[in-house]
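Asker: input-v7.pdb is the file, holding PDB, C-alpha atoms and all ligand atoms:
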```
ATOM      1  CA  MET A   1       0.000   0.000   0.000  1.00  0.00           C
ATOM      2  CA  THR A   2       1.411   3.387  -0.914  1.00  0.00           C
ATOM      3  CA  ALA A   3       1.284   6.107   1.694  1.00  0.00           C
ATOM      4  CA  ILE A   4      -1.230   8.942   1.480  1.00  0.00           C
ATOM      5  CA  ASN A   5       0.562  12.008   0.143  1.00  0.00           C
ATOM      6  CA  VAL A   6      -0.070  15.267   2.016  1.00  0.00           C
ATOM      7  CA  LEU A   7       1.095  18.620   0.678  1.00  0.00           C
ATOM      8  CA  VAL A   8       1.778  21.202   3.386  1.00  0.00           C
ATOM      9  CA  VAL A   9       1.828  24.882   2.390  1.00  0.00           C
ATOM     10  CA  GLU A  10       3.029  27.073   5.235  1.00  0.00           C
ATOM     11  CA  ASP A  11       5.415  30.033   5.171  1.00  0.00           C
ATOM     12  CA  GLU A  12       6.596  29.830   8.790  1.00  0.00           C
ATOM     13  CA  ASP A  13       9.595  27.474   8.752  1.00  0.00           C
ATOM     14  CA  ALA A  14       9.141  26.179  12.316  1.00  0.00           C
ATOM     15  CA  ILE A  15       5.474  25.333  11.808  1.00  0.00           C
ATOM     16  CA  ARG A  16       6.114  23.773   8.392  1.00  0.00           C
ATOM     17  CA  GLU A  17       8.834  21.540   9.819  1.00  0.00           C
ATOM     18  CA  MET A  18       6.697  20.597  12.815  1.00  0.00           C
ATOM     19  CA  LEU A  19       3.787  19.675  10.520  1.00  0.00           C
ATOM     20  CA  GLY A  20       6.081  17.588   8.342  1.00  0.00           C
ATOM     21  CA  MET A  21       7.333  15.660  11.348  1.00  0.00           C
ATOM     22  CA  VAL A  22       3.887  15.103  12.828  1.00  0.00           C
ATOM     23  CA  LEU A  23       2.497  13.889   9.499  1.00  0.00           C
ATOM     24  CA  GLU A  24       5.421  11.557   8.874  1.00  0.00           C
ATOM     25  CA  GLN A  25       4.989  10.081  12.344  1.00  0.00           C
ATOM     26  CA  ALA A  26       1.388   9.402  11.394  1.00  0.00           C
ATOM     27  CA  GLU A  27       2.758   7.556   8.342  1.00  0.00           C
ATOM     28  CA  PHE A  28       1.773  10.046   5.697  1.00  0.00           C
ATOM     29  CA  SER A  29       4.198  10.915   2.958  1.00  0.00           C
ATOM     30  CA  VAL A  30       4.800  14.664   3.014  1.00  0.00           C
ATOM     31  CA  GLN A  31       5.692  17.372   0.533  1.00  0.00           C
ATOM     32  CA  ALA A  32       6.076  20.904   1.839  1.00  0.00           C
ATOM     33  CA  ALA A  33       6.262  24.351   0.296  1.00  0.00           C
ATOM     34  CA  PRO A  34       6.564  27.856   1.778  1.00  0.00           C
ATOM     35  CA  ASP A  35       4.240  29.477  -0.765  1.00  0.00           C
ATOM     36  CA  THR A  36       1.547  28.635  -3.273  1.00  0.00           C
ATOM     37  CA  GLN A  37       3.790  29.079  -6.291  1.00  0.00           C
ATOM     38  CA  ARG A  38       6.203  26.393  -5.128  1.00  0.00           C
ATOM     39  CA  ALA A  39       3.299  24.248  -3.969  1.00  0.00           C
ATOM     40  CA  GLN A  40       1.870  24.445  -7.479  1.00  0.00           C
ATOM     41  CA  SER A  41       5.094  23.217  -9.035  1.00  0.00           C
ATOM     42  CA  LEU A  42       5.392  20.355  -6.511  1.00  0.00           C
ATOM     43  CA  MET A  43       1.888  19.291  -7.481  1.00  0.00           C
ATOM     44  CA  THR A  44       2.774  18.934 -11.124  1.00  0.00           C
ATOM     45  CA  GLU A  45       5.420  16.370 -10.124  1.00  0.00           C
ATOM     46  CA  HIS A  46       3.399  14.460  -7.576  1.00  0.00           C
ATOM     47  CA  MET A  47      -0.356  14.698  -7.120  1.00  0.00           C
ATOM     48  CA  PRO A  48      -1.239  15.141  -3.431  1.00  0.00           C
ATOM     49  CA  ASP A  49      -4.123  13.262  -1.792  1.00  0.00           C
ATOM     50  CA  LEU A  50      -4.781  16.184   0.535  1.00  0.00           C
ATOM     51  CA  ILE A  51      -3.508  19.733   1.047  1.00  0.00           C
ATOM     52  CA  VAL A  52      -2.940  21.397   4.426  1.00  0.00           C
ATOM     53  CA  LEU A  53      -3.014  25.053   3.482  1.00  0.00           C
ATOM     54  CA  ASP A  54      -2.125  28.090   5.573  1.00  0.00           C
ATOM     55  CA  TRP A  55      -4.543  30.988   5.209  1.00  0.00           C
ATOM     56  CA  MET A  56      -1.971  33.795   5.175  1.00  0.00           C
ATOM     57  CA  LEU A  57       0.898  33.282   2.754  1.00  0.00           C
ATOM     58  CA  PRO A  58       3.225  35.651   0.914  1.00  0.00           C
ATOM     59  CA  GLY A  59       2.191  36.192  -2.703  1.00  0.00           C
ATOM     60  CA  LEU A  60      -1.028  34.445  -3.608  1.00  0.00           C
ATOM     61  CA  SER A  61      -2.877  33.785  -0.324  1.00  0.00           C
ATOM     62  CA  GLY A  62      -3.940  30.313   0.744  1.00  0.00           C
ATOM     63  CA  VAL A  63      -7.594  31.186   0.524  1.00  0.00           C
ATOM     64  CA  GLU A  64      -7.272  32.554  -3.021  1.00  0.00           C
ATOM     65  CA  TRP A  65      -5.282  29.517  -4.141  1.00  0.00           C
ATOM     66  CA  ALA A  66      -7.910  27.222  -2.637  1.00  0.00           C
ATOM     67  CA  ARG A  67     -10.581  29.048  -4.630  1.00  0.00           C
ATOM     68  CA  ARG A  68      -8.635  28.503  -7.863  1.00  0.00           C
ATOM     69  CA  LEU A  69      -7.824  24.869  -7.138  1.00  0.00           C
ATOM     70  CA  LYS A  70     -11.423  24.003  -6.402  1.00  0.00           C
ATOM     71  CA  LYS A  71     -12.423  25.331  -9.846  1.00  0.00           C
ATOM     72  CA  ASP A  72      -9.610  23.449 -11.576  1.00  0.00           C
ATOM     73  CA  LYS A  73     -10.490  20.335 -13.594  1.00  0.00           C
ATOM     74  CA  GLU A  74      -7.364  18.471 -12.592  1.00  0.00           C
ATOM     75  CA  TYR A  75      -7.057  19.534  -8.942  1.00  0.00           C
ATOM     76  CA  GLY A  76     -10.641  20.343  -7.954  1.00  0.00           C
ATOM     77  CA  GLU A  77     -11.184  17.044  -6.142  1.00  0.00           C
ATOM     78  CA  ILE A  78      -8.201  17.291  -3.781  1.00  0.00           C
ATOM     79  CA  PRO A  79      -9.447  17.840  -0.219  1.00  0.00           C
ATOM     80  CA  ILE A  80      -8.116  21.001   1.420  1.00  0.00           C
ATOM     81  CA  ILE A  81      -7.790  21.716   5.137  1.00  0.00           C
ATOM     82  CA  MET A  82      -7.262  25.415   5.768  1.00  0.00           C
ATOM     83  CA  VAL A  83      -5.107  26.495   8.694  1.00  0.00           C
ATOM     84  CA  THR A  84      -6.078  29.856  10.063  1.00  0.00           C
ATOM     85  CA  ALA A  85      -4.380  31.966  12.706  1.00  0.00           C
ATOM     86  CA  ARG A  86      -7.345  34.196  13.169  1.00  0.00           C
ATOM     87  CA  GLY A  87     -10.202  32.734  15.092  1.00  0.00           C
ATOM     88  CA  GLU A  88     -12.918  34.803  13.509  1.00  0.00           C
ATOM     89  CA  GLU A  89     -16.029  32.966  12.465  1.00  0.00           C
ATOM     90  CA  GLU A  90     -16.221  35.086   9.308  1.00  0.00           C
ATOM     91  CA  ASP A  91     -12.869  33.797   8.052  1.00  0.00           C
ATOM     92  CA  LYS A  92     -13.860  30.219   8.655  1.00  0.00           C
ATOM     93  CA  ILE A  93     -17.044  30.692   6.711  1.00  0.00           C
ATOM     94  CA  ARG A  94     -15.099  32.295   3.870  1.00  0.00           C
ATOM     95  CA  GLY A  95     -12.694  29.375   3.952  1.00  0.00           C
ATOM     96  CA  LEU A  96     -15.518  26.883   3.583  1.00  0.00           C
ATOM     97  CA  ASP A  97     -17.131  29.133   0.936  1.00  0.00           C
ATOM     98  CA  VAL A  98     -14.111  28.822  -1.337  1.00  0.00           C
ATOM     99  CA  GLY A  99     -14.458  25.078  -1.083  1.00  0.00           C
ATOM    100  CA  ALA A 100     -12.086  24.112   1.737  1.00  0.00           C
ATOM    101  CA  ASP A 101     -13.173  20.778   3.221  1.00  0.00           C
ATOM    102  CA  ASP A 102     -12.368  21.685   6.797  1.00  0.00           C
ATOM    103  CA  TYR A 103     -10.252  24.097   8.775  1.00  0.00           C
ATOM    104  CA  VAL A 104      -8.207  24.115  11.943  1.00  0.00           C
ATOM    105  CA  SER A 105      -7.317  27.252  13.847  1.00  0.00           C
ATOM    106  CA  LYS A 106      -3.919  27.898  15.358  1.00  0.00           C
ATOM    107  CA  PRO A 107      -2.990  26.882  17.956  1.00  0.00           C
ATOM    108  CA  PHE A 108      -4.013  23.272  17.338  1.00  0.00           C
ATOM    109  CA  SER A 109      -2.652  20.039  18.722  1.00  0.00           C
ATOM    110  CA  PRO A 110      -0.925  17.652  16.291  1.00  0.00           C
ATOM    111  CA  ARG A 111      -3.435  15.015  17.286  1.00  0.00           C
ATOM    112  CA  GLU A 112      -6.333  17.266  16.398  1.00  0.00           C
ATOM    113  CA  LEU A 113      -4.884  17.929  12.943  1.00  0.00           C
ATOM    114  CA  ILE A 114      -4.269  14.224  12.275  1.00  0.00           C
ATOM    115  CA  ALA A 115      -7.803  13.386  13.389  1.00  0.00           C
ATOM    116  CA  ARG A 116      -9.231  16.056  11.051  1.00  0.00           C
ATOM    117  CA  ILE A 117      -7.074  14.862   8.146  1.00  0.00           C
ATOM    118  CA  ARG A 118      -8.257  11.292   8.647  1.00  0.00           C
ATOM    119  CA  ALA A 119     -11.899  12.424   8.871  1.00  0.00           C
ATOM    120  CA  VAL A 120     -11.607  14.411   5.610  1.00  0.00           C
ATOM    121  CA  LEU A 121      -9.819  11.535   3.848  1.00  0.00           C
ATOM    122  CA  ARG A 122     -12.488   9.139   5.030  1.00  0.00           C
ATOM    123  CA  ARG A 123     -15.301  11.404   3.784  1.00  0.00           C
ATOM    124  CA  SER A 124     -13.618  11.740   0.411  1.00  0.00           C
ATOM    125  CA  GLY A 125     -13.166   7.972   0.201  1.00  0.00           C
ATOM    126  CA  LYS A 126      -9.353   8.139   0.171  1.00  0.00           C
ATOM    127  CA  LEU A 127      -8.986   6.215   3.393  1.00  0.00           C
ATOM    128  CA  GLY A 128     -10.579   2.860   2.744  1.00  0.00           C
ATOM    129  CA  LYS A 129     -13.774   2.118   4.572  1.00  0.00           C
ATOM    130  CA  SER A 130     -11.809  -0.127   6.832  1.00  0.00           C
ATOM    131  CA  GLY A 131     -10.083   2.969   8.229  1.00  0.00           C
ATOM    132  CA  ARG A 132     -10.581   2.814  11.939  1.00  0.00           C
ATOM    133  CA  ILE A 133     -10.636   5.773  14.324  1.00  0.00           C
ATOM    134  CA  GLU A 134      -8.559   5.407  17.479  1.00  0.00           C
ATOM    135  CA  PHE A 135      -8.207   7.680  20.446  1.00  0.00           C
ATOM    136  CA  GLY A 136      -7.579   7.180  24.143  1.00  0.00           C
ATOM    137  CA  GLY A 137      -7.804   3.400  23.870  1.00  0.00           C
ATOM    138  CA  ILE A 138     -11.157   3.592  22.085  1.00  0.00           C
ATOM    139  CA  VAL A 139     -11.399   2.084  18.596  1.00  0.00           C
ATOM    140  CA  LEU A 140     -14.317   2.903  16.307  1.00  0.00           C
ATOM    141  CA  PHE A 141     -15.007   1.065  13.026  1.00  0.00           C
ATOM    142  CA  PRO A 142     -17.068   3.482  10.905  1.00  0.00           C
ATOM    143  CA  ASP A 143     -18.213   0.954   8.313  1.00  0.00           C
ATOM    144  CA  GLU A 144     -19.459  -1.481  10.922  1.00  0.00           C
ATOM    145  CA  HIS A 145     -20.747   1.092  13.432  1.00  0.00           C
ATOM    146  CA  ARG A 146     -18.824  -0.830  16.018  1.00  0.00           C
ATOM    147  CA  VAL A 147     -16.777   0.386  18.979  1.00  0.00           C
ATOM    148  CA  ILE A 148     -14.345  -1.494  21.173  1.00  0.00           C
ATOM    149  CA  ILE A 149     -12.382  -0.482  24.249  1.00  0.00           C
ATOM    150  CA  ALA A 150      -9.478  -2.747  25.241  1.00  0.00           C
ATOM    151  CA  ASP A 151     -10.965  -5.508  23.046  1.00  0.00           C
ATOM    152  CA  ASN A 152     -14.367  -5.273  24.752  1.00  0.00           C
ATOM    153  CA  PRO A 153     -17.374  -4.419  22.570  1.00  0.00           C
ATOM    154  CA  VAL A 154     -19.240  -1.270  23.595  1.00  0.00           C
ATOM    155  CA  ALA A 155     -23.026  -1.085  23.170  1.00  0.00           C
ATOM    156  CA  LEU A 156     -24.151   2.369  22.014  1.00  0.00           C
ATOM    157  CA  SER A 157     -27.400   3.898  20.792  1.00  0.00           C
ATOM    158  CA  PRO A 158     -27.189   5.609  17.368  1.00  0.00           C
ATOM    159  CA  THR A 159     -27.006   9.054  19.019  1.00  0.00           C
ATOM    160  CA  GLU A 160     -24.288   8.080  21.478  1.00  0.00           C
ATOM    161  CA  TYR A 161     -22.408   6.483  18.599  1.00  0.00           C
ATOM    162  CA  ARG A 162     -22.533   9.699  16.531  1.00  0.00           C
ATOM    163  CA  LEU A 163     -21.537  11.771  19.544  1.00  0.00           C
ATOM    164  CA  LEU A 164     -18.566   9.504  20.254  1.00  0.00           C
ATOM    165  CA  GLU A 165     -17.548   9.514  16.581  1.00  0.00           C
ATOM    166  CA  PHE A 166     -17.608  13.319  16.574  1.00  0.00           C
ATOM    167  CA  PHE A 167     -15.477  13.458  19.730  1.00  0.00           C
ATOM    168  CA  LEU A 168     -12.973  10.921  18.408  1.00  0.00           C
ATOM    169  CA  THR A 169     -12.474  12.936  15.222  1.00  0.00           C
ATOM    170  CA  HIS A 170     -12.395  16.310  17.029  1.00  0.00           C
ATOM    171  CA  PRO A 171     -10.251  15.742  20.126  1.00  0.00           C
ATOM    172  CA  ASP A 172      -8.671  18.314  22.429  1.00  0.00           C
ATOM    173  CA  LYS A 173     -11.017  21.175  21.580  1.00  0.00           C
ATOM    174  CA  VAL A 174     -13.943  22.632  23.518  1.00  0.00           C
ATOM    175  CA  TYR A 175     -17.371  22.508  21.869  1.00  0.00           C
ATOM    176  CA  SER A 176     -20.440  24.336  23.134  1.00  0.00           C
ATOM    177  CA  ARG A 177     -23.785  22.583  23.419  1.00  0.00           C
ATOM    178  CA  SER A 178     -25.083  24.405  20.365  1.00  0.00           C
ATOM    179  CA  GLN A 179     -22.006  23.448  18.329  1.00  0.00           C
ATOM    180  CA  LEU A 180     -22.510  19.821  19.331  1.00  0.00           C
ATOM    181  CA  LEU A 181     -26.179  20.045  18.364  1.00  0.00           C
ATOM    182  CA  ASP A 182     -25.218  21.382  14.916  1.00  0.00           C
ATOM    183  CA  GLN A 183     -22.509  18.798  14.372  1.00  0.00           C
ATOM    184  CA  VAL A 184     -24.088  15.677  15.807  1.00  0.00           C
ATOM    185  CA  TRP A 185     -27.830  16.212  15.498  1.00  0.00           C
ATOM    186  CA  GLY A 186     -27.771  18.516  12.465  1.00  0.00           C
ATOM    187  CA  ARG A 187     -28.602  22.169  12.146  1.00  0.00           C
ATOM    188  CA  SER A 188     -32.234  21.603  11.312  1.00  0.00           C
ATOM    189  CA  SER A 189     -33.072  19.589  14.390  1.00  0.00           C
ATOM    190  CA  PHE A 190     -35.382  21.130  16.987  1.00  0.00           C
ATOM    191  CA  ILE A 191     -33.713  19.787  20.064  1.00  0.00           C
ATOM    192  CA  GLU A 192     -33.024  21.626  23.272  1.00  0.00           C
ATOM    193  CA  GLU A 193     -29.467  22.118  24.396  1.00  0.00           C
ATOM    194  CA  ARG A 194     -30.314  20.186  27.558  1.00  0.00           C
ATOM    195  CA  THR A 195     -30.629  17.081  25.390  1.00  0.00           C
ATOM    196  CA  VAL A 196     -26.891  17.288  24.754  1.00  0.00           C
ATOM    197  CA  ASP A 197     -26.263  16.985  28.498  1.00  0.00           C
ATOM    198  CA  VAL A 198     -28.526  13.939  28.684  1.00  0.00           C
ATOM    199  CA  HIS A 199     -26.601  12.139  25.950  1.00  0.00           C
ATOM    200  CA  ILE A 200     -23.241  13.221  27.351  1.00  0.00           C
ATOM    201  CA  ARG A 201     -24.300  11.731  30.675  1.00  0.00           C
ATOM    202  CA  ARG A 202     -25.271   8.446  29.011  1.00  0.00           C
ATOM    203  CA  LEU A 203     -22.066   8.296  27.000  1.00  0.00           C
ATOM    204  CA  ARG A 204     -20.018   9.014  30.124  1.00  0.00           C
ATOM    205  CA  LYS A 205     -21.792   6.229  31.965  1.00  0.00           C
ATOM    206  CA  ILE A 206     -21.025   3.789  29.147  1.00  0.00           C
ATOM    207  CA  LEU A 207     -17.379   4.886  29.040  1.00  0.00           C
ATOM    208  CA  SER A 208     -17.159   4.608  32.833  1.00  0.00           C
ATOM    209  CA  GLU A 209     -17.881   0.888  32.521  1.00  0.00           C
ATOM    210  CA  HIS A 210     -14.558   0.744  30.657  1.00  0.00           C
ATOM    211  CA  GLY A 211     -12.784   3.216  32.932  1.00  0.00           C
ATOM    212  CA  ARG A 212     -12.639   5.964  30.284  1.00  0.00           C
ATOM    213  CA  GLU A 213     -15.262   8.465  31.489  1.00  0.00           C
ATOM    214  CA  ASP A 214     -12.444  10.950  32.180  1.00  0.00           C
ATOM    215  CA  LEU A 215     -12.137  11.531  28.418  1.00  0.00           C
ATOM    216  CA  ILE A 216     -15.323  13.617  28.357  1.00  0.00           C
ATOM    217  CA  GLN A 217     -14.510  16.802  30.226  1.00  0.00           C
ATOM    218  CA  THR A 218     -16.958  19.486  31.256  1.00  0.00           C
ATOM    219  CA  VAL A 219     -15.644  22.985  30.615  1.00  0.00           C
ATOM    220  CA  ARG A 220     -17.704  25.172  32.922  1.00  0.00           C
ATOM    221  CA  GLY A 221     -19.583  27.963  31.239  1.00  0.00           C
ATOM    222  CA  PHE A 222     -18.759  26.685  27.778  1.00  0.00           C
ATOM    223  CA  GLY A 223     -19.352  23.049  26.985  1.00  0.00           C
ATOM    224  CA  TYR A 224     -17.431  19.822  26.570  1.00  0.00           C
ATOM    225  CA  ARG A 225     -14.022  18.639  25.511  1.00  0.00           C
ATOM    226  CA  PHE A 226     -12.828  15.154  24.604  1.00  0.00           C
ATOM    227  CA  SER A 227      -9.221  14.827  25.679  1.00  0.00           C
ATOM    228  CA  GLU A 228      -6.642  12.799  27.517  1.00  0.00           C
ATOM    229  CA  GLN A 229      -5.109  15.974  28.910  1.00  0.00           C
ATOM    230  CA  THR A 230      -6.447  17.214  32.191  1.00  0.00           C
TER     231      THR A 230
HETATM  232 CA    CA A 301       1.330  32.180   7.381  1.00  0.00          CA
END
```
Here is a file; write its structure as structure tokens.
Ligand code: CA
Answerer:
Amino acid sequence: MTAINVLVVEDEDAIREMLGMVLEQAEFSVQAAPDTQRAQSLMTEHMPDLIVLDWMLPGLSGVEWARRLKKDKEYGEIPIIMVTARGEEEDKIRGLDVGADDYVSKPFSPRELIARIRAVLRRSGKLGKSGRIEFGGIVLFPDEHRVIIADNPVALSPTEYRLLEFFLTHPDKVYSRSQLLDQVWGRSSFIEERTVDVHIRRLRKILSEHGREDLIQTVRGFGYRFSEQT
């Protein structure tokens, strides 16, 4: 099996090198460029499976390049994860508007980025359906809707399953109840935010039977975080 090829476009040397290392540790093959012009020429030599693209770059910006790529016949299908330093909602929406498949905001943990890359690759069918999601000793098999912890099967309702899948693919970051409602139940659902707490409680109880309830952390006044860090 050939490795998934990720193209990293980032002008800050330290961050570009860190990303390269993190991705190689996760067994991706990595190409890296400090600007979009050099990224473009790397692409003509070796087609990437996914692009991790910094928002602010010298010359043609990441967001403008993403817009062009997504309209391109040859490159339009390559998933793009935008990396943004500014946390503003407006920028994220613009990023998704130009066709980016997801975004992460700096600062992000390496694990969060890898989880997002895997989720995007899975959605685009580039990681075979057998691609499993692993975090904190929990293993989820998306094609079988099956979860195991330390080799023990875990029984979950469809909602708890979706909630756990979201957490496993979005670790280390705090999500508000309304964000979780949007992401797990869907924007159009008419469910009260309290419902989120009910399902969190159930999921925690299930995880506690396997000694992993500590993974779901309550962040007072904001929401929940799924993390091994305390
Ligand atoms: Ca930059």
Asker: With all atoms listed in the file as the atoms that count, which of A:Leu164, A:Ile78, A:Val98, A:Val198 lies nearest to A:Gln183?
Answerer: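 Nearest to A:Gln183: A:Leu164.
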Asker: One decimal, Å: what's the distance from atom CA of A:Gly20 over to atom CA of ligand CA 301 (chain A), could you say?
Answerer: 15.4 Å
Asker: Restricting the calculation to all atoms listed in the file, which member of A:Pro48, A:Pro171, A:Gly76, A:Pro58 is positioned closest to ligand CA 301 (chain A)?
Answerer: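 Checking each of A:Pro48, A:Pro171, A:Gly76, A:Pro58 against ligand CA 301 (chain A), counting all atoms listed in the file, the winner is A:Pro58.
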Asker: With all atoms listed in the file counted, collect every polymer residue having an atom within 9 Å of ligand CA 301 (chain A); state the result as a list in words.
Answerer: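 Sorted by chain and then by number, the residues are Val9, Glu10, Asp11, Glu12, Pro34, Asp54, Trp55, Met56, Leu57, Pro58, Ser61, Gly62, Val83, Thr84 and Ala85 of chain A.
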Asker: I'd like to see the residues matched by the PyMOL selection byres (((chain A and resi 173) around 9) and not hetatm) on this file, and ideally I'd get them as an NGL selection string.
Answerer: :A and (108-109 or 112 or 170-172 or 174-175 or 224-227)
Asker: Just give me the gap between atom CA of A:Val30 and atom CA of A:Glu45 in Å, one decimal is fine.
Answerer: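 Separation of atom CA of A:Val30 and atom CA of A:Glu45: 13.3 Å.
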Asker: Neighbours of A:Tyr75 within 12 Å (all atoms listed in the file; same-chain residues fewer than 4 positions away dropped), as a list in words?
Answerer: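 My list of contacting residues is Gln40, Met43, Thr44, His46, Met47, Pro48, Asp49, Leu50, Ile51, Trp65, Ala66, Arg67, Arg68, Leu69, Lys70, Lys71, Pro79 and Ile80 of chain A.
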Asker: Restrict the selected residues to C-alpha atoms and save them as a tab-separated table (two decimals), in the coordinates of the input.
Answerer:
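Dumped to out32.tsv:
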```tsv
chain	number	residue	atom	x	y	z
A	40	GLN	CA	1.87	24.44	-7.48
A	43	MET	CA	1.89	19.29	-7.48
A	44	THR	CA	2.77	18.93	-11.12
A	46	HIS	CA	3.40	14.46	-7.58
A	47	MET	CA	-0.36	14.70	-7.12
A	48	PRO	CA	-1.24	15.14	-3.43
A	49	ASP	CA	-4.12	13.26	-1.79
A	50	LEU	CA	-4.78	16.18	0.54
A	51	ILE	CA	-3.51	19.73	1.05
A	65	TRP	CA	-5.28	29.52	-4.14
A	66	ALA	CA	-7.91	27.22	-2.64
A	67	ARG	CA	-10.58	29.05	-4.63
A	68	ARG	CA	-8.64	28.50	-7.86
A	69	LEU	CA	-7.82	24.87	-7.14
A	70	LYS	CA	-11.42	24.00	-6.40
A	71	LYS	CA	-12.42	25.33	-9.85
A	79	PRO	CA	-9.45	17.84	-0.22
A	80	ILE	CA	-8.12	21.00	1.42
```
Asker: Return as JSON lines the residues of stretch 131-164 of chain A lying at most 8 Å from stretch 199-210 of chain A, together with the closest atom-to-atom pair for each and the distance in Å to one decimal, counting only C-alpha atoms, with rows in chain order and ascending residue number.
Answerer:
```
{"residue": "A:Ile149", "atom": "CA", "partner": "A:His210", "partner_atom": "CA", "distance": 6.9}
{"residue": "A:Val154", "atom": "CA", "partner": "A:Ile206", "partner_atom": "CA", "distance": 7.7}
{"residue": "A:Ala155", "atom": "CA", "partner": "A:Ile206", "partner_atom": "CA", "distance": 8.0}
{"residue": "A:Leu156", "atom": "CA", "partner": "A:Ile206", "partner_atom": "CA", "distance": 7.9}
{"residue": "A:Thr159", "atom": "CA", "partner": "A:His199", "partner_atom": "CA", "distance": 7.6}
{"residue": "A:Glu160", "atom": "CA", "partner": "A:Leu203", "partner_atom": "CA", "distance": 6.0}
{"residue": "A:Leu164", "atom": "CA", "partner": "A:Leu203", "partner_atom": "CA", "distance": 7.7}
```
Asker: Would you mind exporting C-alpha atoms of the selected residues as a CSV table (one decimal), in the coordinates of the input?
Answerer:
```csv
chain,number,residue,atom,x,y,z
A,149,ILE,CA,-12.4,-0.5,24.2
A,154,VAL,CA,-19.2,-1.3,23.6
A,155,ALA,CA,-23.0,-1.1,23.2
A,156,LEU,CA,-24.2,2.4,22.0
A,159,THR,CA,-27.0,9.1,19.0
A,160,GLU,CA,-24.3,8.1,21.5
A,164,LEU,CA,-18.6,9.5,20.3
```
Asker: Which is closer to A:Met82 than all the others in A:Phe135, A:Leu127, A:Val8, A:Arg38, using all atoms listed in the file?
Answerer: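 Between A:Phe135, A:Leu127, A:Val8, A:Arg38, the residue approaching A:Met82 most closely is A:Val8.
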